[in-house]
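Student: File follows, entry12.cif with mmCIF, C-alpha atoms:
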```cif
data_input
loop_
_atom_site.group_PDB
_atom_site.id
_atom_site.type_symbol
_atom_site.label_atom_id
_atom_site.label_comp_id
_atom_site.auth_asym_id
_atom_site.auth_seq_id
_atom_site.Cartn_x
_atom_site.Cartn_y
_atom_site.Cartn_z
ATOM 1 C CA GLU A 411 22.622 -24.175 5.029
ATOM 2 C CA ASP A 412 25.743 -22.488 3.692
ATOM 3 C CA GLN A 413 25.101 -19.231 1.851
ATOM 4 C CA VAL A 414 27.269 -16.919 -0.235
ATOM 5 C CA THR A 415 26.139 -13.475 -1.384
ATOM 6 C CA GLN A 416 28.252 -11.391 -3.725
ATOM 7 C CA SER A 417 27.871 -7.667 -4.305
ATOM 8 C CA PRO A 418 27.532 -5.731 -6.412
ATOM 9 C CA GLU A 419 26.051 -7.914 -9.151
ATOM 10 C CA ALA A 420 27.806 -5.752 -11.726
ATOM 11 C CA LEU A 421 30.521 -3.115 -11.492
ATOM 12 C CA ARG A 422 31.771 -0.830 -14.212
ATOM 13 C CA LEU A 423 35.114 0.913 -13.704
ATOM 14 C CA GLN A 424 37.362 3.146 -15.698
ATOM 15 C CA GLU A 425 40.884 1.908 -16.309
ATOM 16 C CA GLY A 426 42.976 2.784 -13.248
ATOM 17 C CA GLU A 427 39.951 3.246 -10.964
ATOM 18 C CA SER A 428 40.474 0.985 -7.945
ATOM 19 C CA SER A 429 37.550 -0.708 -6.197
ATOM 20 C CA SER A 430 36.474 -3.750 -4.186
ATOM 21 C CA LEU A 431 34.120 -6.661 -4.647
ATOM 22 C CA ASN A 432 32.342 -8.156 -1.655
ATOM 23 C CA CYS A 433 31.567 -11.748 -0.729
ATOM 24 C CA SER A 434 29.435 -12.246 2.393
ATOM 25 C CA TYR A 435 29.114 -15.781 3.661
ATOM 26 C CA THR A 436 27.275 -17.854 6.219
ATOM 27 C CA VAL A 437 28.869 -21.193 6.940
ATOM 28 C CA SER A 438 29.244 -23.413 9.966
ATOM 29 C CA GLY A 439 32.954 -23.533 10.466
ATOM 30 C CA LEU A 440 34.761 -22.109 7.453
ATOM 31 C CA ARG A 441 37.317 -24.461 6.014
ATOM 32 C CA GLY A 442 38.257 -22.329 3.049
ATOM 33 C CA LEU A 443 37.056 -19.440 0.914
ATOM 34 C CA PHE A 444 37.886 -19.469 -2.771
ATOM 35 C CA TRP A 445 38.001 -16.762 -5.429
ATOM 36 C CA TYR A 446 37.725 -17.609 -9.113
ATOM 37 C CA ARG A 447 37.730 -15.532 -12.279
ATOM 38 C CA GLN A 448 35.420 -16.541 -15.141
ATOM 39 C CA ASP A 449 35.643 -15.137 -18.657
ATOM 40 C CA PRO A 450 32.534 -15.324 -20.887
ATOM 41 C CA GLY A 451 31.951 -18.836 -22.189
ATOM 42 C CA LYS A 452 34.902 -20.252 -20.236
ATOM 43 C CA GLY A 453 35.365 -22.282 -17.077
ATOM 44 C CA PRO A 454 36.298 -20.557 -13.809
ATOM 45 C CA GLU A 455 40.002 -19.937 -13.236
ATOM 46 C CA PHE A 456 41.298 -20.368 -9.692
ATOM 47 C CA LEU A 457 42.710 -17.226 -8.071
ATOM 48 C CA PHE A 458 43.010 -17.586 -4.271
ATOM 49 C CA THR A 459 42.191 -19.691 -1.236
ATOM 50 C CA LEU A 460 41.799 -17.989 2.154
ATOM 51 C CA TYR A 461 41.590 -20.020 5.339
ATOM 52 C CA SER A 462 41.224 -17.756 8.356
ATOM 53 C CA ALA A 463 40.183 -14.251 9.327
ATOM 54 C CA GLY A 464 42.940 -11.716 8.792
ATOM 55 C CA GLU A 465 44.540 -13.590 5.954
ATOM 56 C CA GLU A 466 45.447 -11.716 2.761
ATOM 57 C CA LYS A 467 46.706 -12.916 -0.612
ATOM 58 C CA GLU A 468 47.856 -10.957 -3.647
ATOM 59 C CA LYS A 469 48.261 -11.636 -7.327
ATOM 60 C CA GLU A 470 49.194 -8.829 -9.671
ATOM 61 C CA ARG A 471 46.482 -6.163 -9.283
ATOM 62 C CA LEU A 472 44.262 -8.345 -7.093
ATOM 63 C CA LYS A 473 44.291 -8.675 -3.328
ATOM 64 C CA ALA A 474 41.876 -10.886 -1.400
ATOM 65 C CA THR A 475 41.146 -10.391 2.283
ATOM 66 C CA LEU A 476 39.046 -12.354 4.758
ATOM 67 C CA THR A 477 37.067 -11.553 7.905
ATOM 68 C CA LYS A 478 34.761 -13.806 9.918
ATOM 69 C CA LYS A 479 31.753 -12.770 7.843
ATOM 70 C CA GLU A 480 33.031 -11.615 4.466
ATOM 71 C CA SER A 481 35.820 -11.472 1.954
ATOM 72 C CA PHE A 482 36.877 -8.613 -0.269
ATOM 73 C CA LEU A 483 38.603 -8.742 -3.601
ATOM 74 C CA HIS A 484 40.428 -5.463 -4.040
ATOM 75 C CA ILE A 485 41.366 -4.465 -7.565
ATOM 76 C CA THR A 486 44.087 -1.827 -7.800
ATOM 77 C CA ALA A 487 44.445 0.228 -10.977
ATOM 78 C CA PRO A 488 42.438 -2.236 -13.069
ATOM 79 C CA LYS A 489 43.021 -2.755 -16.770
ATOM 80 C CA PRO A 490 40.484 -3.769 -19.441
ATOM 81 C CA GLU A 491 41.865 -7.321 -19.351
ATOM 82 C CA ASP A 492 40.649 -7.605 -15.752
ATOM 83 C CA SER A 493 37.078 -7.560 -17.071
ATOM 84 C CA ALA A 494 35.416 -10.852 -16.082
ATOM 85 C CA THR A 495 32.962 -12.370 -13.638
ATOM 86 C CA TYR A 496 34.527 -12.971 -10.233
ATOM 87 C CA LEU A 497 33.128 -15.893 -8.245
ATOM 88 C CA CYS A 498 33.404 -16.566 -4.530
ATOM 89 C CA ALA A 499 32.878 -19.994 -2.952
ATOM 90 C CA VAL A 500 33.074 -21.449 0.557
ATOM 91 C CA GLN A 501 33.758 -24.887 1.927
ATOM 92 C CA ALA A 502 32.440 -25.829 5.361
ATOM 93 C CA GLY A 503 34.566 -27.577 7.921
ATOM 94 C CA LEU A 504 34.203 -31.324 8.360
ATOM 95 C CA GLU A 505 33.375 -30.873 12.036
ATOM 96 C CA SER A 506 30.370 -28.811 10.975
ATOM 97 C CA GLY A 507 29.032 -31.447 8.627
ATOM 98 C CA GLY A 508 30.853 -30.068 5.636
ATOM 99 C CA SER A 509 32.221 -32.126 2.825
ATOM 100 C CA ASN A 510 35.639 -32.516 1.307
ATOM 101 C CA TYR A 511 33.908 -31.987 -1.976
ATOM 102 C CA LYS A 512 31.131 -29.469 -1.821
ATOM 103 C CA LEU A 513 31.721 -25.820 -2.581
ATOM 104 C CA THR A 514 28.900 -23.314 -2.214
ATOM 105 C CA PHE A 515 29.197 -20.594 -4.838
ATOM 106 C CA GLY A 516 27.857 -17.069 -5.011
ATOM 107 C CA LYS A 517 26.294 -15.749 -8.220
ATOM 108 C CA GLY A 518 29.327 -13.658 -9.027
ATOM 109 C CA THR A 519 30.176 -10.033 -9.759
ATOM 110 C CA LEU A 520 30.488 -8.995 -13.388
ATOM 111 C CA LEU A 521 33.361 -6.524 -13.612
ATOM 112 C CA THR A 522 33.770 -4.339 -16.681
ATOM 113 C CA VAL A 523 36.832 -2.111 -17.000
ATOM 114 C CA ASN A 524 36.615 0.518 -19.678
ATOM 115 C CA PRO A 525 39.757 1.912 -21.347
ATOM 116 C CA SER B 991 51.184 -29.812 -15.368
ATOM 117 C CA GLN B 992 47.580 -30.882 -15.248
ATOM 118 C CA THR B 993 45.117 -30.293 -18.073
ATOM 119 C CA ILE B 994 41.388 -30.875 -18.181
ATOM 120 C CA HIS B 995 39.425 -31.345 -21.387
ATOM 121 C CA GLN B 996 35.696 -31.297 -22.057
ATOM 122 C CA TRP B 997 33.779 -32.070 -25.201
ATOM 123 C CA PRO B 998 31.810 -31.140 -27.016
ATOM 124 C CA ALA B 999 32.199 -27.405 -26.467
ATOM 125 C CA THR B 1000 28.645 -26.706 -27.560
ATOM 126 C CA LEU B 1001 25.638 -28.942 -28.096
ATOM 127 C CA VAL B 1002 22.075 -28.373 -29.262
ATOM 128 C CA GLN B 1003 19.724 -31.252 -28.569
ATOM 129 C CA PRO B 1004 15.954 -31.796 -28.880
ATOM 130 C CA VAL B 1005 13.847 -32.544 -25.838
ATOM 131 C CA GLY B 1006 13.745 -36.265 -25.138
ATOM 132 C CA SER B 1007 17.059 -37.040 -26.794
ATOM 133 C CA PRO B 1008 19.971 -38.695 -24.946
ATOM 134 C CA LEU B 1009 23.054 -36.882 -23.703
ATOM 135 C CA SER B 1010 26.685 -37.773 -23.207
ATOM 136 C CA LEU B 1011 29.288 -35.234 -22.121
ATOM 137 C CA GLU B 1012 32.869 -36.278 -21.573
ATOM 138 C CA CYS B 1013 35.636 -34.943 -19.361
ATOM 139 C CA THR B 1014 39.244 -36.125 -19.173
ATOM 140 C CA VAL B 1015 42.120 -35.015 -16.999
ATOM 141 C CA GLU B 1016 45.812 -35.296 -17.852
ATOM 142 C CA GLY B 1017 48.878 -35.033 -15.670
ATOM 143 C CA THR B 1018 47.553 -36.454 -12.417
ATOM 144 C CA SER B 1019 46.463 -39.794 -11.005
ATOM 145 C CA ASN B 1020 43.350 -40.675 -9.024
ATOM 146 C CA PRO B 1021 41.912 -37.168 -8.960
ATOM 147 C CA ASN B 1022 38.559 -36.286 -7.487
ATOM 148 C CA LEU B 1023 36.233 -35.372 -10.339
ATOM 149 C CA TYR B 1024 33.152 -33.164 -10.337
ATOM 150 C CA TRP B 1025 30.263 -32.155 -12.599
ATOM 151 C CA TYR B 1026 28.675 -28.731 -12.113
ATOM 152 C CA ARG B 1027 25.877 -26.922 -13.909
ATOM 153 C CA GLN B 1028 25.803 -23.146 -14.252
ATOM 154 C CA ALA B 1029 22.432 -21.737 -15.227
ATOM 155 C CA ALA B 1030 21.940 -18.097 -16.203
ATOM 156 C CA GLY B 1031 21.682 -15.881 -13.137
ATOM 157 C CA ARG B 1032 22.487 -18.705 -10.736
ATOM 158 C CA GLY B 1033 25.599 -19.918 -9.002
ATOM 159 C CA LEU B 1034 27.422 -23.092 -9.870
ATOM 160 C CA GLN B 1035 25.509 -26.151 -8.713
ATOM 161 C CA LEU B 1036 27.359 -29.363 -7.907
ATOM 162 C CA LEU B 1037 25.692 -32.308 -9.647
ATOM 163 C CA PHE B 1038 28.032 -35.258 -9.073
ATOM 164 C CA TYR B 1039 31.425 -36.002 -7.640
ATOM 165 C CA SER B 1040 33.678 -39.043 -7.770
ATOM 166 C CA VAL B 1041 36.607 -40.051 -5.579
ATOM 167 C CA GLY B 1042 37.584 -43.066 -7.678
ATOM 168 C CA ILE B 1043 36.669 -45.397 -10.532
ATOM 169 C CA GLY B 1044 33.071 -46.492 -10.253
ATOM 170 C CA GLN B 1045 32.472 -44.294 -7.165
ATOM 171 C CA ILE B 1046 29.841 -41.665 -7.913
ATOM 172 C CA SER B 1047 27.937 -39.479 -5.473
ATOM 173 C CA SER B 1048 24.935 -37.398 -6.486
ATOM 174 C CA GLU B 1049 24.196 -34.037 -4.928
ATOM 175 C CA VAL B 1050 20.959 -33.183 -6.692
ATOM 176 C CA PRO B 1051 18.222 -35.639 -7.759
ATOM 177 C CA GLN B 1052 17.498 -35.229 -11.449
ATOM 178 C CA ASN B 1053 17.333 -37.091 -14.746
ATOM 179 C CA LEU B 1054 21.097 -36.938 -15.166
ATOM 180 C CA SER B 1055 23.629 -39.623 -14.272
ATOM 181 C CA ALA B 1056 27.409 -39.802 -14.145
ATOM 182 C CA SER B 1057 29.964 -42.533 -14.652
ATOM 183 C CA ARG B 1058 33.708 -42.883 -14.238
ATOM 184 C CA PRO B 1059 34.879 -45.733 -16.432
ATOM 185 C CA GLN B 1060 38.558 -44.841 -16.131
ATOM 186 C CA ASP B 1061 40.700 -43.072 -13.550
ATOM 187 C CA ARG B 1062 40.797 -39.770 -15.389
ATOM 188 C CA GLN B 1063 37.543 -39.922 -17.353
ATOM 189 C CA PHE B 1064 34.184 -38.623 -16.153
ATOM 190 C CA ILE B 1065 30.992 -38.835 -18.191
ATOM 191 C CA LEU B 1066 27.666 -37.047 -17.685
ATOM 192 C CA SER B 1067 24.647 -38.708 -19.273
ATOM 193 C CA SER B 1068 20.922 -38.512 -19.674
ATOM 194 C CA LYS B 1069 18.464 -40.878 -21.306
ATOM 195 C CA LYS B 1070 15.919 -38.146 -22.077
ATOM 196 C CA LEU B 1071 16.749 -34.458 -21.943
ATOM 197 C CA LEU B 1072 14.357 -31.879 -20.525
ATOM 198 C CA LEU B 1073 14.172 -28.193 -21.391
ATOM 199 C CA SER B 1074 15.390 -27.448 -17.872
ATOM 200 C CA ASP B 1075 18.635 -29.321 -18.569
ATOM 201 C CA SER B 1076 19.903 -26.414 -20.667
ATOM 202 C CA GLY B 1077 22.931 -24.731 -19.174
ATOM 203 C CA PHE B 1078 26.690 -24.556 -19.003
ATOM 204 C CA TYR B 1079 28.181 -27.816 -17.753
ATOM 205 C CA LEU B 1080 31.538 -27.713 -16.084
ATOM 206 C CA CYS B 1081 33.848 -30.536 -15.118
ATOM 207 C CA ALA B 1082 36.401 -29.987 -12.385
ATOM 208 C CA TRP B 1083 39.183 -31.943 -10.728
ATOM 209 C CA SER B 1084 41.030 -31.797 -7.438
ATOM 210 C CA LEU B 1085 43.938 -33.662 -5.893
ATOM 211 C CA GLY B 1086 41.658 -35.466 -3.486
ATOM 212 C CA GLN B 1087 43.312 -34.506 -0.235
ATOM 213 C CA THR B 1088 41.262 -35.839 2.622
ATOM 214 C CA SER B 1089 43.201 -34.150 5.408
ATOM 215 C CA SER B 1090 42.023 -31.051 7.180
ATOM 216 C CA SER B 1091 43.406 -28.870 4.402
ATOM 217 C CA THR B 1092 41.149 -27.702 1.642
ATOM 218 C CA ASP B 1093 41.122 -29.322 -1.768
ATOM 219 C CA THR B 1094 41.167 -26.719 -4.527
ATOM 220 C CA GLN B 1095 38.995 -27.515 -7.519
ATOM 221 C CA TYR B 1096 40.174 -26.661 -11.039
ATOM 222 C CA PHE B 1097 37.647 -26.295 -13.811
ATOM 223 C CA GLY B 1098 37.547 -27.334 -17.426
ATOM 224 C CA PRO B 1099 36.452 -25.148 -20.362
ATOM 225 C CA GLY B 1100 32.789 -26.209 -20.137
ATOM 226 C CA THR B 1101 30.057 -27.439 -22.487
ATOM 227 C CA ARG B 1102 27.188 -25.164 -23.477
ATOM 228 C CA LEU B 1103 24.053 -27.331 -23.768
ATOM 229 C CA THR B 1104 20.862 -26.000 -25.324
ATOM 230 C CA VAL B 1105 17.781 -28.204 -25.225
ATOM 231 C CA LEU B 1106 15.075 -27.178 -27.700
#
```
Go ahead and render the structure in this file as structure tokens.

Tutor:
Amino acid sequence: EDQVTQSPEALRLQEGESSSLNCSYTVSGLRGLFWYRQDPGKGPEFLFTLYSAGEEKEKERLKATLTKKESFLHITAPKPEDSATYLCAVQAGLESGGSNYKLTFGKGTLLTVNP
Amino acid sequence: SQTIHQWPATLVQPVGSPLSLECTVEGTSNPNLYWYRQAAGRGLQLLFYSVGIGQISSEVPQNLSASRPQDRQFILSSKKLLLSDSGFYLCAWSLGQTSSSTDTQYFGPGTRLTVL
């Protein structure tokens, strides 16, 4: 069974204090790893898709990286508006019995950035 | 550009009452559509997905059902709500690519359901 574990559950940073969020996964044949941002009471907002180990993607102050066992979301010089819950999800490859449709989500990391 | 709508935004219902949540997508044709539930302290759980009109697949057995009466409309229903049905319900869409590439899912604003 596919599993996604995110750590820490909550992270509090000062504005400008860089850090990383972790997403550890167990999946038979990774097809894609997704990062989403979710504000309170809102639906998740798509950030990145990573496909293979070594891949990196950036968007403003965020950079996502991928290894064979985990993904990191690095936040450089965060601002208060970066405060949100960050969700990680994986999709298994079709050759491993995965589905075009099913994403397995972690429980998320609640990031708070204080001014 | 594509837009996804959900309503109502919030709903408070008594146990045993019926439920109907609606989701519509604009700006794309024949999308894949999904219903998720997000309970406090838990990850998103896929409930149903649909690859076309009248085609519904269920991921989790429960007292909920889904229907897709039109190409870009997805409805989540229940005949009798349970306390355990409380949660944040999210609709999502994707382009429906069936090749080896992944198919990114985009989420709607959600419906907060409280069953009392």

Student: Could you pull the residues within 8 Å of range 1040-1050 of chain B, counting only C-alpha atoms, minus those fewer than 2 positions along the same chain, as a list in words?

Tutor: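 Near range 1040-1050 of chain B, the qualifying residues are Asn1020, Pro1021, Asn1022, Leu1023, Tyr1024, Leu1036, Leu1037, Phe1038, Gln1052, Ala1056, Ser1057, Arg1058, Pro1059, Gln1060, Asp1061 and Gly1086 of chain B.
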
Student: Could you tell me which residues the PyMOL selection byres ((chain A) within 6 of (chain B)) grabs in this file, written as number ranges by chain?

Tutor: A: 452-454, 515-517

Student: Could you write those residues out with C-alpha atoms, as an mmCIF file, keeping the file's coordinate frame?

Tutor:
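Full text of out.cif as output:
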```cif
data_model
loop_
_atom_site.group_PDB
_atom_site.id
_atom_site.type_symbol
_atom_site.label_atom_id
_atom_site.label_comp_id
_atom_site.auth_asym_id
_atom_site.auth_seq_id
_atom_site.Cartn_x
_atom_site.Cartn_y
_atom_site.Cartn_z
ATOM 1 C CA LYS A 452 34.902 -20.252 -20.236
ATOM 2 C CA GLY A 453 35.365 -22.282 -17.077
ATOM 3 C CA PRO A 454 36.298 -20.557 -13.809
ATOM 4 C CA PHE A 515 29.197 -20.594 -4.838
ATOM 5 C CA GLY A 516 27.857 -17.069 -5.011
ATOM 6 C CA LYS A 517 26.294 -15.749 -8.220
#
```

Student: I'd like to see the residues matched by the PyMOL selection byres ((chain B and resi 1064) around 7) on this file, and ideally I'd get them as a PDB file with C-alpha atoms, in the coordinates of the input.

Tutor:
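The resulting file, out.pdb, is reproduced below:
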```
ATOM      1  CA  GLU B1012      32.869 -36.278 -21.573  1.00  0.00           C
ATOM      2  CA  CYS B1013      35.636 -34.943 -19.361  1.00  0.00           C
ATOM      3  CA  THR B1014      39.244 -36.125 -19.173  1.00  0.00           C
ATOM      4  CA  LEU B1023      36.233 -35.372 -10.339  1.00  0.00           C
ATOM      5  CA  SER B1057      29.964 -42.533 -14.652  1.00  0.00           C
ATOM      6  CA  ARG B1058      33.708 -42.883 -14.238  1.00  0.00           C
ATOM      7  CA  ARG B1062      40.797 -39.770 -15.389  1.00  0.00           C
ATOM      8  CA  GLN B1063      37.543 -39.922 -17.353  1.00  0.00           C
ATOM      9  CA  ILE B1065      30.992 -38.835 -18.191  1.00  0.00           C
ATOM     10  CA  LEU B1066      27.666 -37.047 -17.685  1.00  0.00           C
TER      11      LEU B1066
END
```

Student: Quick check on the file I pasted: which residues fall under the PyMOL selection byres ((chain A and resi 438) around 8)? Write them as a VMD selection string.

Tutor: chain A and resid 412 436 to 437 439 to 440 502 to 503 506

Student: So the first atom is CA of Arg471 in chain A and the second is CA of Thr993 in chain B; what is the distance between them in Å, to one decimal place?

Tutor: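 Result for CA of Arg471 in chain A versus CA of Thr993 in chain B: 25.7 Å, one decimal.
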
Student: Hey, can you check how far CA of Trp997 in chain B sits from CA of Ser1010 in chain B?

Tutor: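 The value is 9.3 Å.
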
Student: Between A:Lys512, A:Gly518, A:Asn432, A:Arg447, which is the closest to Leu476 in chain A once you count all atoms listed in the file?

Tutor: A:Asn432

Student: Need to verify the contact set: Gly1017 in chain B, 9 Å, all atoms listed in the file, exclusion of same-chain residues closer than 4 positions in sequence. Can you return it as a list in words?

Tutor: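 Skipping anything fewer than 4 positions along the chain leaves Ser991, Gln992, Thr993 and Ile994 of chain B.
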
Student: Calculate how many Å separate CA of Lys478 in chain A from CA of Glu419 in chain A, rounding to one decimal.

Tutor: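 Taking CA of Lys478 in chain A as the start and CA of Glu419 in chain A as the end point, the length is 21.8 Å.
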
Student: Skipping near chain neighbours, those fewer than 5 positions away, what residues fall within 7 Å of Val1105 in chain B using all atoms listed in the file, listed as a list of chain:residue names?

Tutor: B:Val1002, B:Gln1003, B:Pro1004, B:Val1005, B:Leu1072, B:Leu1073, B:Asp1075, B:Ser1076

Student: Which residue out of A:Tyr435, A:Phe456, A:Glu411, A:Gly464 has the minimum interatomic distance to Leu497 in chain A when only C-alpha atoms are used?

Tutor: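 Comparing A:Tyr435, A:Phe456, A:Glu411, A:Gly464 against Leu497 in chain A, the winner is A:Phe456.
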
Student: Under the rule that only C-alpha atoms are counted, which of A:Arg422, A:Lys473, A:Arg441, A:Lys479 is the nearest residue to Val523 in chain A?

Tutor: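 Once distances to Val523 in chain A are computed over only C-alpha atoms, the minimum belongs to A:Arg422.
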
Student: Show which residues sit within 12 Å of Ser428 in chain A, as a ChimeraX atom specification. Count only C-alpha atoms, and ignore same-chain residues fewer than 4 positions away.

Tutor: /A:421-424,471-473,483-489,492,521,523

Student: Choose the residue, out of B:Leu1103, B:Leu1085, B:Leu1011, B:Leu1054, that has the smallest atom-to-atom separation from Gly451 in chain A; count only C-alpha atoms.

Tutor: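 For Gly451 in chain A, the nearest of the given residues is B:Leu1103.
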
Student: Please complete range 1055-1067 of chain B so it has N, CA, C and O atoms, and hand it over as a compact mmCIF listing (two decimals), keeping the file's coordinate frame.

Tutor:
```txt
# COMPACT_ATOMS: atom_id res chain seq x y z
N SER B 1055 22.81 -38.63 -14.96
CA SER B 1055 23.63 -39.62 -14.27
C SER B 1055 25.08 -39.40 -14.65
O SER B 1055 25.38 -38.70 -15.63
N ALA B 1056 25.99 -39.95 -13.87
CA ALA B 1056 27.41 -39.80 -14.14
C ALA B 1056 28.09 -41.15 -14.02
O ALA B 1056 27.63 -42.03 -13.28
N SER B 1057 29.18 -41.31 -14.74
CA SER B 1057 29.96 -42.53 -14.65
C SER B 1057 31.44 -42.19 -14.75
O SER B 1057 31.82 -41.16 -15.32
N ARG B 1058 32.25 -43.06 -14.19
CA ARG B 1058 33.71 -42.88 -14.24
C ARG B 1058 34.32 -44.22 -14.65
O ARG B 1058 34.73 -45.02 -13.80
N PRO B 1059 34.38 -44.44 -15.95
CA PRO B 1059 34.88 -45.73 -16.43
C PRO B 1059 36.39 -45.91 -16.30
O PRO B 1059 36.88 -47.04 -16.23
N GLN B 1060 37.10 -44.81 -16.28
CA GLN B 1060 38.56 -44.84 -16.13
C GLN B 1060 38.98 -43.80 -15.09
O GLN B 1060 38.21 -42.90 -14.76
N ASP B 1061 40.22 -43.92 -14.64
CA ASP B 1061 40.70 -43.07 -13.55
C ASP B 1061 40.53 -41.59 -13.83
O ASP B 1061 40.18 -40.81 -12.95
N ARG B 1062 40.80 -41.19 -15.08
CA ARG B 1062 40.80 -39.77 -15.39
C ARG B 1062 39.71 -39.39 -16.39
O ARG B 1062 39.84 -38.42 -17.13
N GLN B 1063 38.64 -40.18 -16.43
CA GLN B 1063 37.54 -39.92 -17.35
C GLN B 1063 36.23 -39.88 -16.59
O GLN B 1063 35.92 -40.76 -15.79
N PHE B 1064 35.45 -38.83 -16.85
CA PHE B 1064 34.18 -38.62 -16.15
C PHE B 1064 33.14 -38.30 -17.21
O PHE B 1064 33.36 -37.44 -18.05
N ILE B 1065 32.01 -39.00 -17.16
CA ILE B 1065 30.99 -38.84 -18.19
C ILE B 1065 29.67 -38.46 -17.54
O ILE B 1065 29.27 -39.04 -16.53
N LEU B 1066 29.00 -37.48 -18.12
CA LEU B 1066 27.67 -37.05 -17.68
C LEU B 1066 26.66 -37.48 -18.74
O LEU B 1066 26.87 -37.21 -19.93
N SER B 1067 25.59 -38.14 -18.32
CA SER B 1067 24.65 -38.71 -19.27
C SER B 1067 23.21 -38.41 -18.89
O SER B 1067 22.90 -38.10 -17.74
```
